[in-house]
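Read through the structure below, which is laid out as structure tokens, and then see the notes.
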Amino acid sequence: MALRDLSGAVDFTVLERMTGGDDGITEEVLGLFVQQAAMWSPLLDVREDGWRDGVHTIRGAAAGIGAGALAAACQTAETAEKAAAPPLLERVRDALEIALADVAAYRHELLLRSLR
């Protein structure tokens with residue numbers, strides 16, 4: 001993974017502004033995002049009682065790192081009626097997967113920078 005692998009799903013300038021460009025803080029925030037995704041993504045199913053909570057939490061985490069498309073998909077799913085939510089949750093899962101790939105590529109670059 002490298003920066004050339006970024007899809008554009010995450011606007012890392014949002015995160016860099018928030019962290020003041022500090023690579024250590026940026027890495028910490030991205031690590032927390034990955035943990036949040038792992039913790040809450042199992043709830044992205046209307047058969048789970050907490051599916052709205054999962055979507056809401058992922059939405060906030062996504063907005064914080066600049067994953068605008070993911071945050072928007074979450075917002076749409078969060079406000080949907082339960083019967084209409086399954087395909088919307090699928091879009092959230094897809095957007096989350098793409099965002100996580102961008103995060104992995106960016107974290108890889110941060111690691112390489114720290115070795116120099």
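Simple scheme: letters A, B, ... for chains in structure tokens order, numbers from 1 for residues in each chain, numbers from 1 for ligands in the order shown.
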Find the residues of range 40-61 of chain A that sit at most 10 Å from range 94-109 of chain A; for each, write down the nearest two atoms and how far apart they are in Å, to one decimal. Count only C-alpha atoms. Sort by chain, then by number going up, and give it as CSV.
residue,atom,partner,partner_atom,distance
A:Ser41,CA,A:Leu96,CA,8.6
A:Ile58,CA,A:Leu96,CA,8.6
A:Arg59,CA,A:Leu96,CA,9.9
Could you give me, as a Markdown table, a per-residue list for range 63-114 of chain A showing, wherever an atom lies at most 7 Å from an atom of range 13-19 of chain A, the closest pair of atoms and their distance in Å to one decimal, using only C-alpha atoms and sorting by chain then residue number from low to high?
| residue | atom | partner | partner_atom | distance |
| --- | --- | --- | --- | --- |
| A:Gly64 | CA | A:Leu15 | CA | 6.8 |
| A:Ile65 | CA | A:Leu15 | CA | 4.8 |
| A:Gly66 | CA | A:Val14 | CA | 5.1 |
Keeping only C-alpha atoms, write the selected residues to a file as a PDB file, in the first residue's frame.
ATOM      1  CA  GLY A  64     -13.623  13.525  11.843  1.00  0.00           C
ATOM      2  CA  ILE A  65     -11.076  12.066   9.442  1.00  0.00           C
ATOM      3  CA  GLY A  66     -12.497  13.539   6.242  1.00  0.00           C
TER       4      GLY A  66
END
(request) Select, from A:Ala61, A:Ala72, A:Leu89, A:Ala84, the residue with the minimum atom-to-atom distance to Gly31 in chain A, counting only C-alpha atoms. (result)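 Under the stated criterion, the closest residue is A:Ala61.
Distances from A:Ala73, A:Asp53, A:Arg91, A:Ala62 to Val29 in chain A were compared using only C-alpha atoms, and the smallest one belongs to A:Ala62.
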(request) Choose the residue, out of A:Glu48, A:Glu28, A:Asp22, A:Asp11, that has the smallest atom-to-atom separation from Gly68 in chain A; count only C-alpha atoms. (result) A:Asp11
(request) Find the spatial neighbours of Glu78 in chain A, counting only C-alpha atoms, within a cut-off of 6 Å - ignore same-chain residues fewer than 3 positions away - and output them as a list in words. (result)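 After dropping sequence-adjacent residues, the list is Arg52, Cys74 and Gln75 of chain A.
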(request) Identify, on the basis of only C-alpha atoms, every residue whose closest approach to Pro86 in chain A does not exceed 10 Å; exclude the query and any residue fewer than 2 positions from it along the same chain; express the result as a PyMOL selection string. (result) chain A and resi 44-47+77+80-84+88-92
N, CA, C and O atoms of the current selection, written as a PDB file, in the first residue's frame:
ATOM      1  N   LEU A  44     -23.982  -3.117  11.531  1.00  0.00           N
ATOM      2  CA  LEU A  44     -24.541  -2.580  10.291  1.00  0.00           C
ATOM      3  C   LEU A  44     -25.475  -3.585   9.627  1.00  0.00           C
ATOM      4  O   LEU A  44     -25.307  -3.986   8.482  1.00  0.00           O
ATOM      5  N   ASP A  45     -26.472  -3.970  10.375  1.00  0.00           N
ATOM      6  CA  ASP A  45     -27.454  -4.954   9.942  1.00  0.00           C
ATOM      7  C   ASP A  45     -28.742  -4.650  10.708  1.00  0.00           C
ATOM      8  O   ASP A  45     -28.714  -4.557  11.947  1.00  0.00           O
ATOM      9  N   VAL A  46     -29.857  -4.490  10.014  1.00  0.00           N
ATOM     10  CA  VAL A  46     -31.106  -4.122  10.687  1.00  0.00           C
ATOM     11  C   VAL A  46     -31.590  -5.190  11.668  1.00  0.00           C
ATOM     12  O   VAL A  46     -32.446  -4.900  12.506  1.00  0.00           O
ATOM     13  N   ARG A  47     -31.043  -6.390  11.596  1.00  0.00           N
ATOM     14  CA  ARG A  47     -31.412  -7.421  12.566  1.00  0.00           C
ATOM     15  C   ARG A  47     -30.774  -7.169  13.933  1.00  0.00           C
ATOM     16  O   ARG A  47     -31.162  -7.789  14.921  1.00  0.00           O
ATOM     17  N   ALA A  77     -28.503   6.330   5.851  1.00  0.00           N
ATOM     18  CA  ALA A  77     -28.955   5.083   6.474  1.00  0.00           C
ATOM     19  C   ALA A  77     -29.545   5.338   7.858  1.00  0.00           C
ATOM     20  O   ALA A  77     -30.562   4.732   8.222  1.00  0.00           O
ATOM     21  N   ALA A  80     -33.152   6.523   7.743  1.00  0.00           N
ATOM     22  CA  ALA A  80     -34.084   5.697   6.963  1.00  0.00           C
ATOM     23  C   ALA A  80     -34.988   4.870   7.877  1.00  0.00           C
ATOM     24  O   ALA A  80     -34.628   4.544   9.014  1.00  0.00           O
ATOM     25  N   GLU A  81     -36.137   4.538   7.331  1.00  0.00           N
ATOM     26  CA  GLU A  81     -37.008   3.581   8.007  1.00  0.00           C
ATOM     27  C   GLU A  81     -36.312   2.219   7.985  1.00  0.00           C
ATOM     28  O   GLU A  81     -35.574   1.907   7.048  1.00  0.00           O
ATOM     29  N   LYS A  82     -36.592   1.419   8.967  1.00  0.00           N
ATOM     30  CA  LYS A  82     -35.935   0.118   9.084  1.00  0.00           C
ATOM     31  C   LYS A  82     -36.120  -0.732   7.821  1.00  0.00           C
ATOM     32  O   LYS A  82     -35.184  -1.373   7.357  1.00  0.00           O
ATOM     33  N   ALA A  83     -37.297  -0.708   7.246  1.00  0.00           N
ATOM     34  CA  ALA A  83     -37.569  -1.527   6.063  1.00  0.00           C
ATOM     35  C   ALA A  83     -36.725  -1.108   4.863  1.00  0.00           C
ATOM     36  O   ALA A  83     -36.391  -1.935   4.018  1.00  0.00           O
ATOM     37  N   ALA A  84     -36.379   0.175   4.792  1.00  0.00           N
ATOM     38  CA  ALA A  84     -35.598   0.687   3.662  1.00  0.00           C
ATOM     39  C   ALA A  84     -34.100   0.649   3.926  1.00  0.00           C
ATOM     40  O   ALA A  84     -33.304   0.928   3.025  1.00  0.00           O
ATOM     41  N   LEU A  88     -29.167   0.508   2.141  1.00  0.00           N
ATOM     42  CA  LEU A  88     -28.411   1.680   2.584  1.00  0.00           C
ATOM     43  C   LEU A  88     -27.256   1.272   3.487  1.00  0.00           C
ATOM     44  O   LEU A  88     -26.169   1.848   3.427  1.00  0.00           O
ATOM     45  N   LEU A  89     -27.493   0.271   4.306  1.00  0.00           N
ATOM     46  CA  LEU A  89     -26.425  -0.248   5.162  1.00  0.00           C
ATOM     47  C   LEU A  89     -25.358  -0.943   4.332  1.00  0.00           C
ATOM     48  O   LEU A  89     -24.172  -0.904   4.678  1.00  0.00           O
ATOM     49  N   GLU A  90     -25.761  -1.559   3.241  1.00  0.00           N
ATOM     50  CA  GLU A  90     -24.787  -2.165   2.322  1.00  0.00           C
ATOM     51  C   GLU A  90     -23.886  -1.075   1.741  1.00  0.00           C
ATOM     52  O   GLU A  90     -22.668  -1.260   1.625  1.00  0.00           O
ATOM     53  N   ARG A  91     -24.472   0.053   1.401  1.00  0.00           N
ATOM     54  CA  ARG A  91     -23.668   1.182   0.898  1.00  0.00           C
ATOM     55  C   ARG A  91     -22.706   1.685   1.967  1.00  0.00           C
ATOM     56  O   ARG A  91     -21.572   2.057   1.661  1.00  0.00           O
ATOM     57  N   VAL A  92     -23.170   1.704   3.210  1.00  0.00           N
ATOM     58  CA  VAL A  92     -22.289   2.109   4.311  1.00  0.00           C
ATOM     59  C   VAL A  92     -21.124   1.136   4.417  1.00  0.00           C
ATOM     60  O   VAL A  92     -19.962   1.547   4.521  1.00  0.00           O
TER      61      VAL A  92
END
(request) Rank A:Ile25, A:Arg4, A:Trp51, A:Arg93 by their smallest atom-to-atom distance to Ala37 in chain A, using only C-alpha atoms, and report the top residue only. (result) A:Arg93
Residues of range 17-55 of chain A within 10 Å of range 110-113 of chain A: nearest atom pair and distance (Å, one decimal) for each, counting only C-alpha atoms, sorted by chain and number, as a Markdown table?
| residue | atom | partner | partner_atom | distance |
| --- | --- | --- | --- | --- |
| A:Asp23 | CA | A:Leu110 | CA | 6.6 |
| A:Gly24 | CA | A:Leu110 | CA | 8.5 |
| A:Thr26 | CA | A:Leu110 | CA | 8.6 |
| A:Glu27 | CA | A:Leu110 | CA | 7.2 |
Residues from last step as file, all heavy atoms, as a CSV table (one decimal), in the first residue's frame:
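Dumped everything to selection_8.csv:
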chain,number,residue,atom,x,y,z
A,23,ASP,N,2.3,14.0,12.7
A,23,ASP,CA,2.1,12.6,12.3
A,23,ASP,C,1.7,11.6,13.4
A,23,ASP,O,1.0,10.7,13.2
A,23,ASP,CB,3.4,12.1,11.6
A,23,ASP,CG,3.6,12.7,10.2
A,23,ASP,OD1,2.7,13.4,9.7
A,23,ASP,OD2,4.7,12.5,9.6
A,24,GLY,N,2.3,11.8,14.6
A,24,GLY,CA,1.9,11.0,15.7
A,24,GLY,C,0.5,11.0,16.1
A,24,GLY,O,-0.2,10.0,16.3
A,26,THR,N,-1.9,12.2,14.1
A,26,THR,CA,-2.7,11.7,12.9
A,26,THR,C,-2.7,10.1,13.0
A,26,THR,O,-3.8,9.6,12.8
A,26,THR,CB,-2.0,12.1,11.6
A,26,THR,OG1,-2.0,13.5,11.6
A,26,THR,CG2,-2.7,11.6,10.4
A,27,GLU,N,-1.6,9.5,13.3
A,27,GLU,CA,-1.6,8.0,13.4
A,27,GLU,C,-2.5,7.5,14.5
A,27,GLU,O,-3.3,6.6,14.3
A,27,GLU,CB,-0.2,7.5,13.6
A,27,GLU,CG,-0.1,6.1,14.0
A,27,GLU,CD,-0.7,5.1,13.1
A,27,GLU,OE1,-0.8,5.3,11.9
A,27,GLU,OE2,-1.2,4.0,13.6
